[in-house]
Amino acid sequence: MTKAEDSVRQATAQAHPNIALIKYWGKRDVALNLPVVGSLSITLDRLHSCTTVRFLPELAADRVWLNGHEDLASARRIGRFLDRLRERAGVRCGAWVESGNNFPTAAGLASSASGFAALALAGSAALGLTLDATELSLLARQGSGSAARSIFGGFVEWSHGERADGLDSVAHPIRPAQYWPLRVVVAVTSTASKAIGSSEGMQRTALTSPYQSAWVDTQEADLARARAAIEARDFEALAAVSEHSCLKMHALAMAAQPGLLYWNGATLDAMHAVRQLRAQGVPVFFTVDAGPQVKAICLPDAANAVAEAMRSLSGVLDVIECGLGEGACLIEAEAAGA
Ligand code: 2P0
């Protein structure tokens with residue numbers, strides 16, 4: 001056993017999913033998850049991924065348990081991610097990883113964002129590496145792009161960066177959750193896994209969508225509008241730019257060849273219902289990610305009416321309500337065998 005392996009510990013960390021208001025879609029480097037555009041998100045409360053990592057000298061290969069089941073496919077992706085940490089710490093032993101979500105993995109709630117944020121924190125702490133939040137965000141990004149944002153709470157921006165090594169493509173907090181306590185009502189319209197994952201969808205879009213350059217060229221203006229709306233707590237302005245970014249991302253992806261169509265009928269019904277509510281004066285807007293679920297974002301007083309409207313739609317299977325939450329946090333870290 002090397003000296004580094006002698007000090008191996010185990011750690012447990014928790015992180016929340018985030019929802020992008022100004023969307024990430026497209027990579028300038030696939031291996032490092034470097035985005036072609038910056039993005040801006042809100043971190044949720046209540047829902048979380050909780051991950052424990054134990055580095056065990058007697059373990060030759062990594063073992064990964066997700067929601068109580070051993071997951072061989074994820075073990076490869078997680079193993080490659082942990083290799084970066086092992087290299088940094090000078091440790092070669094395998095890891096025993098247990099991760100669970102307190103929300104349905106297929107609910108379109110970015111479990112890869114919360115999962116890799118929790119894994120980055122638990123894995124680094126288990127190896128005794130002390131990384132600050134920026135270093136953790138850089139690390140989490142390499143597991144899943146949007147995980148860079150789940151390291152932080154509240155309103156978060158992730159810069160596309162310019163460097164080939166990605167050291168400037170990192171998230172940072174803009175405003176804390178308490179600054180503007182928005183509510184998020186998730187209308188679940190399908191629990192089936194999506195046919196085309198985000199990474200593949202982004203690549204197909206970049207290669208074949210005629211709107212790719214317009215998407216990249218207009219992102220900075222959207223980010224500036226969103227930052228200003230958050231700073232001024234101007235709900236109407238945030239609603240306008242967020243729905244624009246969402247619809248623009250889907251239009252971009254729909255125009256890929258073959259076109260990417262992440263919505264079902266209930267997705268459209270929920271989007272229309274949100275717009276009808278807003279026309280009646282209810283402060284709410286929608287956003288939709290690479291899947292069929294609709295996230296309705298509203299001011300706190302409107303949350304009950306929005307949730308009720310979503311529940312009344314026949315194609316909505318479940319409604320999950322949350323507020324804005326904090327960044328990733330360490331639950332415990334201890335020396336192995338302690
Ligand atoms: C986002 N999405 O900004 C966008 C909007 C989906 C639609 O980030 O390949 O799982 O791991 O970097 O982070 C989902 O993509 O993709 C995503 P990878 P990720 O939230």
# chains A, B, ... in the order shown; residues from 1 in each chain; ligands from 1
>>> residues_near_ligand(ligand="ligand 1", cutoff="7 Å", atoms="only C-alpha atoms and all ligand atoms", output="number ranges by chain")
A: 19-20, 22-25, 33, 39, 110, 112-113, 143-147, 198-199, 289-290
>>> select_by_dssp(residues="segment 163-317 of chain A", states="strand (DSSP E)", output="ChimeraX atom specification")
/A:171-175,183-188,284-287,294-298
>>> write_last_selection(atoms="N, CA and C atoms", output="tab-separated table (two decimals), in the first residue's frame")
chain	number	residue	atom	x	y	z
A	171	ALA	N	-18.54	27.08	-13.45
A	171	ALA	CA	-19.75	27.80	-13.00
A	171	ALA	C	-19.41	28.72	-11.83
A	172	HIS	N	-20.24	29.74	-11.65
A	172	HIS	CA	-20.10	30.61	-10.47
A	172	HIS	C	-21.48	31.09	-10.06
A	173	PRO	N	-21.66	31.33	-8.76
A	173	PRO	CA	-22.98	31.77	-8.32
A	173	PRO	C	-23.21	33.24	-8.68
A	174	ILE	N	-24.44	33.56	-9.09
A	174	ILE	CA	-24.78	34.96	-9.40
A	174	ILE	C	-25.48	35.60	-8.20
A	175	ARG	N	-26.50	34.90	-7.71
A	175	ARG	CA	-27.27	35.37	-6.55
A	175	ARG	C	-27.69	34.14	-5.74
A	183	ARG	N	-40.39	29.47	-7.24
A	183	ARG	CA	-40.84	28.09	-7.06
A	183	ARG	C	-40.81	27.38	-8.42
A	184	VAL	N	-40.58	26.08	-8.38
A	184	VAL	CA	-40.54	25.29	-9.61
A	184	VAL	C	-41.55	24.15	-9.48
A	185	VAL	N	-42.49	24.10	-10.41
A	185	VAL	CA	-43.50	23.04	-10.43
A	185	VAL	C	-43.20	22.16	-11.65
A	186	VAL	N	-42.82	20.91	-11.40
A	186	VAL	CA	-42.44	20.02	-12.50
A	186	VAL	C	-43.65	19.17	-12.87
A	187	ALA	N	-44.06	19.25	-14.13
A	187	ALA	CA	-45.15	18.41	-14.63
A	187	ALA	C	-44.51	17.23	-15.36
A	188	VAL	N	-44.62	16.05	-14.77
A	188	VAL	CA	-44.04	14.84	-15.36
A	188	VAL	C	-45.06	14.27	-16.35
A	284	VAL	N	-45.95	33.09	-14.08
A	284	VAL	CA	-45.39	31.75	-14.33
A	284	VAL	C	-44.85	31.70	-15.76
A	285	PHE	N	-43.77	30.94	-15.94
A	285	PHE	CA	-43.29	30.65	-17.30
A	285	PHE	C	-42.81	29.21	-17.33
A	286	PHE	N	-42.62	28.69	-18.57
A	286	PHE	CA	-42.17	27.29	-18.68
A	286	PHE	C	-40.75	27.20	-19.16
A	287	THR	N	-40.14	26.05	-18.86
A	287	THR	CA	-38.93	25.65	-19.56
A	287	THR	C	-38.99	24.14	-19.71
A	294	VAL	N	-42.33	19.30	-18.27
A	294	VAL	CA	-42.41	20.77	-18.30
A	294	VAL	C	-42.13	21.30	-16.90
A	295	LYS	N	-41.21	22.24	-16.81
A	295	LYS	CA	-40.93	22.88	-15.54
A	295	LYS	C	-41.57	24.26	-15.57
A	296	ALA	N	-42.55	24.48	-14.67
A	296	ALA	CA	-43.24	25.77	-14.60
A	296	ALA	C	-42.62	26.55	-13.44
A	297	ILE	N	-42.05	27.69	-13.76
A	297	ILE	CA	-41.36	28.48	-12.75
A	297	ILE	C	-42.25	29.67	-12.40
A	298	CYS	N	-42.46	29.89	-11.11
A	298	CYS	CA	-43.43	30.92	-10.72
A	298	CYS	C	-43.00	31.63	-9.45
>>> atom_distance(atom1="atom CA of Leu32 of chain A", atom2="atom CA of Asp165 of chain A")
8.0 Å
>>> select_by_dssp(residues="segment 14-217 of chain A", states="helix (DSSP H, G or I)", output="JSON, numbers by chain")
{"A": [72, 73, 74, 75, 76, 77, 78, 79, 80, 81, 82, 83, 84, 85, 86, 87, 88, 89, 105, 106, 107, 111, 112, 113, 114, 115, 116, 117, 118, 119, 120, 121, 122, 123, 124, 125, 126, 133, 134, 135, 136, 137, 138, 139, 140, 141, 142, 143, 147, 148, 149, 150, 177, 178, 179, 198, 199, 200, 201, 202, 203, 204, 205, 206, 207, 208, 212, 213, 214, 215, 216, 217]}
>>> residues_around(residues="Asp168 of chain A", least_positions_apart="5", cutoff="9 Å", atoms="only C-alpha atoms", output="list in words")
Leu138, Ser159, His160, Gly161, Glu162 and Arg163 of chain A
>>> atom_distance(atom1="atom CA of Ser49 of chain A", atom2="atom CA of Leu109 of chain A")
11.0 Å
>>> residues_around(residues="Leu56 of chain A", least_positions_apart="5", cutoff="7 Å", atoms="only C-alpha atoms", output="PyMOL selection string")
chain A and resi 93-95
>>> closest_residue(among="A:Ile230, A:Ala75, A:Ala13, A:Leu59", to="Ser114 of chain A", atoms="only C-alpha atoms")
A:Ala13
>>> residues_around(residues="Leu66 of chain A", least_positions_apart="3", cutoff="9 Å", atoms="only C-alpha atoms", output="PyMOL selection string")
chain A and resi 69-71+74+97-101
>>> residues_around(residues="Leu182 of chain A", least_positions_apart="2", cutoff="10 Å", atoms="only C-alpha atoms", output="tab-separated table (two decimals) with all heavy atoms, in the first residue's frame")
chain	number	residue	atom	x	y	z
A	42	ILE	N	-31.03	27.62	-12.20
A	42	ILE	CA	-31.42	27.69	-10.80
A	42	ILE	C	-31.25	26.30	-10.19
A	42	ILE	O	-31.61	25.30	-10.81
A	42	ILE	CB	-32.88	28.20	-10.63
A	42	ILE	CG1	-33.83	27.49	-11.61
A	42	ILE	CG2	-32.96	29.70	-10.81
A	42	ILE	CD1	-35.29	27.92	-11.48
A	44	LEU	N	-32.25	23.54	-7.41
A	44	LEU	CA	-33.47	23.21	-6.68
A	44	LEU	C	-33.18	22.83	-5.23
A	44	LEU	O	-32.04	22.48	-4.89
A	44	LEU	CB	-34.20	22.07	-7.37
A	44	LEU	CG	-34.55	22.29	-8.85
A	44	LEU	CD1	-35.29	21.09	-9.41
A	44	LEU	CD2	-35.38	23.56	-9.02
A	154	GLY	N	-28.75	28.48	-5.61
A	154	GLY	CA	-29.39	29.69	-6.10
A	154	GLY	C	-29.28	29.85	-7.60
A	154	GLY	O	-29.48	28.90	-8.36
A	177	ALA	N	-30.09	31.67	-3.32
A	177	ALA	CA	-31.49	31.25	-3.42
A	177	ALA	C	-32.43	32.25	-2.74
A	177	ALA	O	-33.52	32.53	-3.22
A	177	ALA	CB	-31.65	29.86	-2.81
A	178	GLN	N	-31.98	32.80	-1.59
A	178	GLN	CA	-32.83	33.68	-0.81
A	178	GLN	C	-33.09	35.01	-1.51
A	178	GLN	O	-34.03	35.74	-1.17
A	178	GLN	CB	-32.20	33.98	0.57
A	178	GLN	CG	-31.90	32.78	1.44
A	178	GLN	CD	-30.66	32.01	0.98
A	178	GLN	OE1	-29.86	32.49	0.17
A	178	GLN	NE2	-30.50	30.78	1.46
A	179	TYR	N	-32.25	35.36	-2.47
A	179	TYR	CA	-32.39	36.66	-3.14
A	179	TYR	C	-33.73	36.79	-3.83
A	179	TYR	O	-34.34	37.86	-3.86
A	179	TYR	CB	-31.25	36.82	-4.15
A	179	TYR	CG	-31.23	38.15	-4.86
A	179	TYR	CD1	-30.82	39.30	-4.21
A	179	TYR	CD2	-31.63	38.25	-6.20
A	179	TYR	CE1	-30.80	40.53	-4.86
A	179	TYR	CE2	-31.62	39.47	-6.85
A	179	TYR	CZ	-31.20	40.60	-6.18
A	179	TYR	OH	-31.18	41.81	-6.83
A	180	TRP	N	-34.20	35.67	-4.38
A	180	TRP	CA	-35.47	35.68	-5.14
A	180	TRP	C	-36.03	34.27	-5.08
A	180	TRP	O	-35.71	33.44	-5.93
A	180	TRP	CB	-35.19	36.11	-6.58
A	180	TRP	CG	-36.41	36.58	-7.32
A	180	TRP	CD1	-37.64	36.88	-6.81
A	180	TRP	CD2	-36.50	36.79	-8.74
A	180	TRP	NE1	-38.49	37.29	-7.82
A	180	TRP	CE2	-37.81	37.25	-9.01
A	180	TRP	CE3	-35.60	36.66	-9.80
A	180	TRP	CZ2	-38.25	37.55	-10.29
A	180	TRP	CZ3	-36.04	36.97	-11.08
A	180	TRP	CH2	-37.35	37.41	-11.33
A	184	VAL	N	-40.58	26.08	-8.38
A	184	VAL	CA	-40.54	25.29	-9.61
A	184	VAL	C	-41.55	24.15	-9.48
A	184	VAL	O	-41.50	23.37	-8.52
A	184	VAL	CB	-39.12	24.71	-9.84
A	184	VAL	CG1	-39.09	23.87	-11.11
A	184	VAL	CG2	-38.09	25.83	-9.92
A	235	PHE	N	-39.78	39.62	-12.97
A	235	PHE	CA	-40.29	38.31	-13.36
A	235	PHE	C	-40.67	38.26	-14.84
A	235	PHE	O	-40.36	37.29	-15.54
A	235	PHE	CB	-41.49	37.90	-12.50
A	235	PHE	CG	-41.88	36.47	-12.69
A	235	PHE	CD1	-41.25	35.45	-11.98
A	235	PHE	CD2	-42.84	36.12	-13.63
A	235	PHE	CE1	-41.57	34.12	-12.20
A	235	PHE	CE2	-43.17	34.78	-13.85
A	235	PHE	CZ	-42.54	33.79	-13.13
A	284	VAL	N	-45.95	33.09	-14.08
A	284	VAL	CA	-45.39	31.75	-14.33
A	284	VAL	C	-44.85	31.70	-15.76
A	284	VAL	O	-45.37	32.36	-16.65
A	284	VAL	CB	-46.48	30.66	-14.10
A	284	VAL	CG1	-47.68	30.85	-15.01
A	284	VAL	CG2	-45.90	29.26	-14.24
A	297	ILE	N	-42.05	27.69	-13.76
A	297	ILE	CA	-41.36	28.48	-12.75
A	297	ILE	C	-42.25	29.67	-12.40
A	297	ILE	O	-42.75	30.35	-13.30
A	297	ILE	CB	-39.97	28.91	-13.26
A	297	ILE	CG1	-39.12	27.63	-13.37
A	297	ILE	CG2	-39.28	29.88	-12.32
A	297	ILE	CD1	-38.39	27.48	-14.60
A	298	CYS	N	-42.46	29.89	-11.11
A	298	CYS	CA	-43.43	30.92	-10.72
A	298	CYS	C	-43.00	31.63	-9.45
A	298	CYS	O	-42.07	31.20	-8.76
A	298	CYS	CB	-44.81	30.29	-10.53
A	298	CYS	SG	-44.89	29.03	-9.25
A	299	LEU	N	-43.71	32.71	-9.14
A	299	LEU	CA	-43.51	33.39	-7.87
A	299	LEU	C	-44.21	32.56	-6.79
A	299	LEU	O	-45.16	31.83	-7.08
A	299	LEU	CB	-44.06	34.81	-7.93
A	299	LEU	CG	-43.27	35.77	-8.84
A	299	LEU	CD1	-43.93	37.15	-8.89
A	299	LEU	CD2	-41.82	35.91	-8.36
A	300	PRO	N	-43.74	32.67	-5.53
A	300	PRO	CA	-44.26	31.77	-4.47
A	300	PRO	C	-45.78	31.77	-4.33
A	300	PRO	O	-46.38	30.70	-4.20
A	300	PRO	CB	-43.59	32.32	-3.20
A	300	PRO	CG	-42.37	33.02	-3.67
A	300	PRO	CD	-42.66	33.53	-5.05
A	301	ASP	N	-46.41	32.93	-4.42
A	301	ASP	CA	-47.87	32.99	-4.23
A	301	ASP	C	-48.65	32.26	-5.31
A	301	ASP	O	-49.82	31.94	-5.12
A	301	ASP	CB	-48.34	34.46	-4.20
A	301	ASP	CG	-47.92	35.13	-2.91
A	301	ASP	OD1	-47.45	34.42	-2.00
A	301	ASP	OD2	-48.06	36.37	-2.81
A	302	ALA	N	-48.01	32.03	-6.45
A	302	ALA	CA	-48.72	31.40	-7.57
A	302	ALA	C	-48.55	29.88	-7.58
A	302	ALA	O	-49.21	29.19	-8.36
A	302	ALA	CB	-48.20	31.97	-8.88
A	303	ALA	N	-47.70	29.35	-6.69
A	303	ALA	CA	-47.33	27.92	-6.78
A	303	ALA	C	-48.54	26.98	-6.69
A	303	ALA	O	-48.63	26.02	-7.45
A	303	ALA	CB	-46.29	27.58	-5.70
A	322	CYS	N	-40.89	22.29	-5.94
A	322	CYS	CA	-39.71	22.63	-5.14
A	322	CYS	C	-39.43	24.12	-5.17
A	322	CYS	O	-40.05	24.87	-5.93
A	322	CYS	CB	-38.44	21.93	-5.59
A	322	CYS	SG	-38.49	20.99	-7.04
A	323	GLY	N	-38.50	24.50	-4.31
A	323	GLY	CA	-38.02	25.87	-4.28
A	323	GLY	C	-36.57	25.88	-4.74
A	323	GLY	O	-36.08	24.92	-5.32
A	324	LEU	N	-35.88	26.98	-4.48
A	324	LEU	CA	-34.46	27.07	-4.84
A	324	LEU	C	-33.61	26.63	-3.65
A	324	LEU	O	-33.95	26.90	-2.50
A	324	LEU	CB	-34.09	28.50	-5.25
A	324	LEU	CG	-34.91	29.11	-6.39
A	324	LEU	CD1	-34.19	30.32	-6.97
A	324	LEU	CD2	-35.22	28.10	-7.48
>>> closest_residue(among="A:Val30, A:Leu313, A:Val37, A:Ala15", to="Ala266 of chain A", atoms="only C-alpha atoms")
A:Leu313
>>> residues_around(residues="Ala195 of chain A", least_positions_apart="4", cutoff="10 Å", atoms="only C-alpha atoms", output="ChimeraX atom specification")
/A:201,260-262,291
>>> write_last_selection(atoms="C-alpha atoms", output="PDB file, in the first residue's frame")
ATOM      1  CA  GLY A 201     -28.449  15.079 -29.411  1.00  0.00           C
ATOM      2  CA  LEU A 260     -34.860  15.771 -32.353  1.00  0.00           C
ATOM      3  CA  LEU A 261     -38.358  15.925 -30.923  1.00  0.00           C
ATOM      4  CA  TYR A 262     -38.296  15.694 -27.139  1.00  0.00           C
ATOM      5  CA  GLY A 291     -37.127  15.352 -22.455  1.00  0.00           C
TER       6      GLY A 291
END
>>> closest_residue(among="A:Arg149, A:Arg278, A:Arg54, A:Arg84", to="Ala305 of chain A", atoms="only C-alpha atoms")
A:Arg278
>>> closest_residue(among="A:Ala328, A:Ala333, A:Ile196, A:Val282", to="Asp132 of chain A", atoms="only C-alpha atoms")
A:Ala328
